[in-house]
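Down below is the structure, laid out as structure tokens.
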Amino acid sequence: MPNNSGYCVSFNNSYIMGNWDNINEDELEKFIIENKDKFDRYNPKPGVEERFYVKLLNRFKKIISIVPHLIRVAIATVIIFIVSIWAWNTYIRKDRHEVTLKQKIYNITKKTEVVIKNL
């Protein structure tokens, strides 16, 4: 039964559980180990497990709801990637006005065709 000091006191078993507002992991573990037999005898109220399960499922739904945001980020990343390649190819690339390898090969094949025709 809670009292005004923030402690939970059990008059039936005559033990003090301590102040739960400022408890750390080690203190909680020590308390559980010391009172293991009391935990083994306690039966929770009916419906506690069902309510816990519902709360657990609701928490996982919140974690999974991040997927739509990840999809938006992926789409934005792809769009930015495509636009950056286009901008680089159109405006930034230094050799964009020079003859490409494909054009050089085409010019060589045209010249060889002309030479062959003239023979």
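Every chain in the structure tokens has a letter given in the order shown (A, B, ...), and although residue numbers restart at 1 in each chain, ligands are simply numbered from 1 in the order shown.
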
* To do: Run DSSP on the backbone and grab whatever in segment 68-112 of chain A lands in alpha helix (DSSP H); send it over as a VMD selection string.
  => chain A and resid 68 to 87 101 to 112

Could you dump the residues just selected with N, CA and C atoms as an mmCIF file, in the first residue's frame?
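Writing done, so here's out.cif:
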```
data_model
loop_
_atom_site.group_PDB
_atom_site.id
_atom_site.type_symbol
_atom_site.label_atom_id
_atom_site.label_comp_id
_atom_site.auth_asym_id
_atom_site.auth_seq_id
_atom_site.Cartn_x
_atom_site.Cartn_y
_atom_site.Cartn_z
ATOM 1 N N PRO A 68 6.615 3.926 -43.603
ATOM 2 C CA PRO A 68 6.257 4.927 -44.629
ATOM 3 C C PRO A 68 7.262 6.070 -44.725
ATOM 4 N N HIS A 69 7.841 6.464 -43.614
ATOM 5 C CA HIS A 69 8.844 7.529 -43.639
ATOM 6 C C HIS A 69 10.115 7.067 -44.355
ATOM 7 N N LEU A 70 10.490 5.815 -44.121
ATOM 8 C CA LEU A 70 11.667 5.279 -44.804
ATOM 9 C C LEU A 70 11.445 5.197 -46.312
ATOM 10 N N ILE A 71 10.231 4.874 -46.725
ATOM 11 C CA ILE A 71 9.915 4.817 -48.156
ATOM 12 C C ILE A 71 10.026 6.214 -48.770
ATOM 13 N N ARG A 72 9.524 7.207 -48.075
ATOM 14 C CA ARG A 72 9.626 8.595 -48.574
ATOM 15 C C ARG A 72 11.084 9.017 -48.707
ATOM 16 N N VAL A 73 11.886 8.671 -47.727
ATOM 17 C CA VAL A 73 13.313 9.019 -47.776
ATOM 18 C C VAL A 73 13.987 8.314 -48.949
ATOM 19 N N ALA A 74 13.635 7.057 -49.190
ATOM 20 C CA ALA A 74 14.232 6.315 -50.306
ATOM 21 C C ALA A 74 13.836 6.941 -51.642
ATOM 22 N N ILE A 75 12.582 7.324 -51.792
ATOM 23 C CA ILE A 75 12.129 7.948 -53.044
ATOM 24 C C ILE A 75 12.837 9.289 -53.249
ATOM 25 N N ALA A 76 12.933 10.081 -52.187
ATOM 26 C CA ALA A 76 13.619 11.371 -52.297
ATOM 27 C C ALA A 76 15.089 11.177 -52.654
ATOM 28 N N THR A 77 15.721 10.157 -52.100
ATOM 29 C CA THR A 77 17.132 9.885 -52.406
ATOM 30 C C THR A 77 17.311 9.527 -53.872
ATOM 31 N N VAL A 78 16.434 8.697 -54.404
ATOM 32 C CA VAL A 78 16.528 8.313 -55.815
ATOM 33 C C VAL A 78 16.320 9.524 -56.712
ATOM 34 N N ILE A 79 15.333 10.361 -56.399
ATOM 35 C CA ILE A 79 15.072 11.563 -57.214
ATOM 36 C C ILE A 79 16.274 12.497 -57.183
ATOM 37 N N ILE A 80 16.826 12.736 -56.005
ATOM 38 C CA ILE A 80 17.996 13.615 -55.890
ATOM 39 C C ILE A 80 19.181 13.038 -56.662
ATOM 40 N N PHE A 81 19.366 11.731 -56.616
ATOM 41 C CA PHE A 81 20.454 11.079 -57.337
ATOM 42 C C PHE A 81 20.298 11.273 -58.846
ATOM 43 N N ILE A 82 19.093 11.066 -59.354
ATOM 44 C CA ILE A 82 18.848 11.219 -60.792
ATOM 45 C C ILE A 82 19.041 12.666 -61.230
ATOM 46 N N VAL A 83 18.523 13.609 -60.459
ATOM 47 C CA VAL A 83 18.672 15.029 -60.799
ATOM 48 C C VAL A 83 20.135 15.445 -60.745
ATOM 49 N N SER A 84 20.884 14.931 -59.781
ATOM 50 C CA SER A 84 22.299 15.309 -59.688
ATOM 51 C C SER A 84 23.097 14.760 -60.871
ATOM 52 N N ILE A 85 22.792 13.551 -61.304
ATOM 53 C CA ILE A 85 23.476 13.003 -62.486
ATOM 54 C C ILE A 85 23.136 13.830 -63.723
ATOM 55 N N TRP A 86 21.872 14.184 -63.861
ATOM 56 C CA TRP A 86 21.458 15.010 -65.008
ATOM 57 C C TRP A 86 22.162 16.369 -64.984
ATOM 58 N N ALA A 87 22.198 17.014 -63.814
ATOM 59 C CA ALA A 87 22.851 18.324 -63.703
ATOM 60 C C ALA A 87 24.349 18.215 -63.984
ATOM 61 N N LEU A 101 33.892 9.270 -77.444
ATOM 62 C CA LEU A 101 34.505 8.088 -78.030
ATOM 63 C C LEU A 101 33.580 7.462 -79.074
ATOM 64 N N LYS A 102 32.307 7.466 -78.804
ATOM 65 C CA LYS A 102 31.339 6.917 -79.753
ATOM 66 C C LYS A 102 31.366 7.712 -81.062
ATOM 67 N N GLN A 103 31.437 9.031 -80.925
ATOM 68 C CA GLN A 103 31.486 9.866 -82.139
ATOM 69 C C GLN A 103 32.797 9.658 -82.896
ATOM 70 N N LYS A 104 33.897 9.482 -82.175
ATOM 71 C CA LYS A 104 35.182 9.234 -82.833
ATOM 72 C C LYS A 104 35.161 7.922 -83.609
ATOM 73 N N ILE A 105 34.627 6.876 -83.006
ATOM 74 C CA ILE A 105 34.524 5.577 -83.685
ATOM 75 C C ILE A 105 33.651 5.709 -84.926
ATOM 76 N N TYR A 106 32.556 6.433 -84.801
ATOM 77 C CA TYR A 106 31.663 6.633 -85.945
ATOM 78 C C TYR A 106 32.389 7.375 -87.078
ATOM 79 N N ASN A 107 33.149 8.416 -86.718
ATOM 80 C CA ASN A 107 33.893 9.179 -87.725
ATOM 81 C C ASN A 107 34.946 8.314 -88.412
ATOM 82 N N ILE A 108 35.631 7.469 -87.656
ATOM 83 C CA ILE A 108 36.657 6.590 -88.238
ATOM 84 C C ILE A 108 36.012 5.589 -89.190
ATOM 85 N N THR A 109 34.902 5.015 -88.775
ATOM 86 C CA THR A 109 34.245 4.043 -89.661
ATOM 87 C C THR A 109 33.726 4.712 -90.919
ATOM 88 N N LYS A 110 33.252 5.925 -90.829
ATOM 89 C CA LYS A 110 32.795 6.662 -92.022
ATOM 90 C C LYS A 110 33.967 6.925 -92.970
ATOM 91 N N LYS A 111 35.106 7.333 -92.378
ATOM 92 C CA LYS A 111 36.274 7.612 -93.213
ATOM 93 C C LYS A 111 36.761 6.346 -93.909
ATOM 94 N N THR A 112 36.772 5.239 -93.177
ATOM 95 C CA THR A 112 37.218 3.985 -93.798
ATOM 96 C C THR A 112 36.250 3.529 -94.888
#
```

* Identify, with DSSP run on backbone atoms, the residues in segment 14-110 of chain A assigned to strand (DSSP E or B), and express the list as a PyMOL selection string. => chain A and resi 15-19

Write out, as a PDB file, in the first residue's frame, the residues just selected, with N, CA and C atoms.
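Output below, filename out21.pdb:
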```pdb
ATOM      1  N   TYR A  15       7.578  -5.773   4.797  1.00  0.00           N
ATOM      2  CA  TYR A  15       8.821  -5.346   4.150  1.00  0.00           C
ATOM      3  C   TYR A  15       8.562  -4.059   3.379  1.00  0.00           C
ATOM      4  N   ILE A  16       9.596  -3.284   3.215  1.00  0.00           N
ATOM      5  CA  ILE A  16       9.511  -2.036   2.477  1.00  0.00           C
ATOM      6  C   ILE A  16      10.214  -2.238   1.141  1.00  0.00           C
ATOM      7  N   MET A  17       9.524  -1.918   0.051  1.00  0.00           N
ATOM      8  CA  MET A  17      10.106  -2.119  -1.273  1.00  0.00           C
ATOM      9  C   MET A  17      11.035  -0.976  -1.650  1.00  0.00           C
ATOM     10  N   GLY A  18      10.866   0.191  -1.103  1.00  0.00           N
ATOM     11  CA  GLY A  18      11.772   1.290  -1.407  1.00  0.00           C
ATOM     12  C   GLY A  18      11.107   2.343  -2.273  1.00  0.00           C
ATOM     13  N   ASN A  19      11.845   3.416  -2.530  1.00  0.00           N
ATOM     14  CA  ASN A  19      11.355   4.517  -3.346  1.00  0.00           C
ATOM     15  C   ASN A  19      11.561   4.171  -4.819  1.00  0.00           C
TER      16      ASN A  19
END
```

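For the pair atom CA of Asp40 of chain A and atom CA of Phe52 of chain A, the separation is 18.9 Å.
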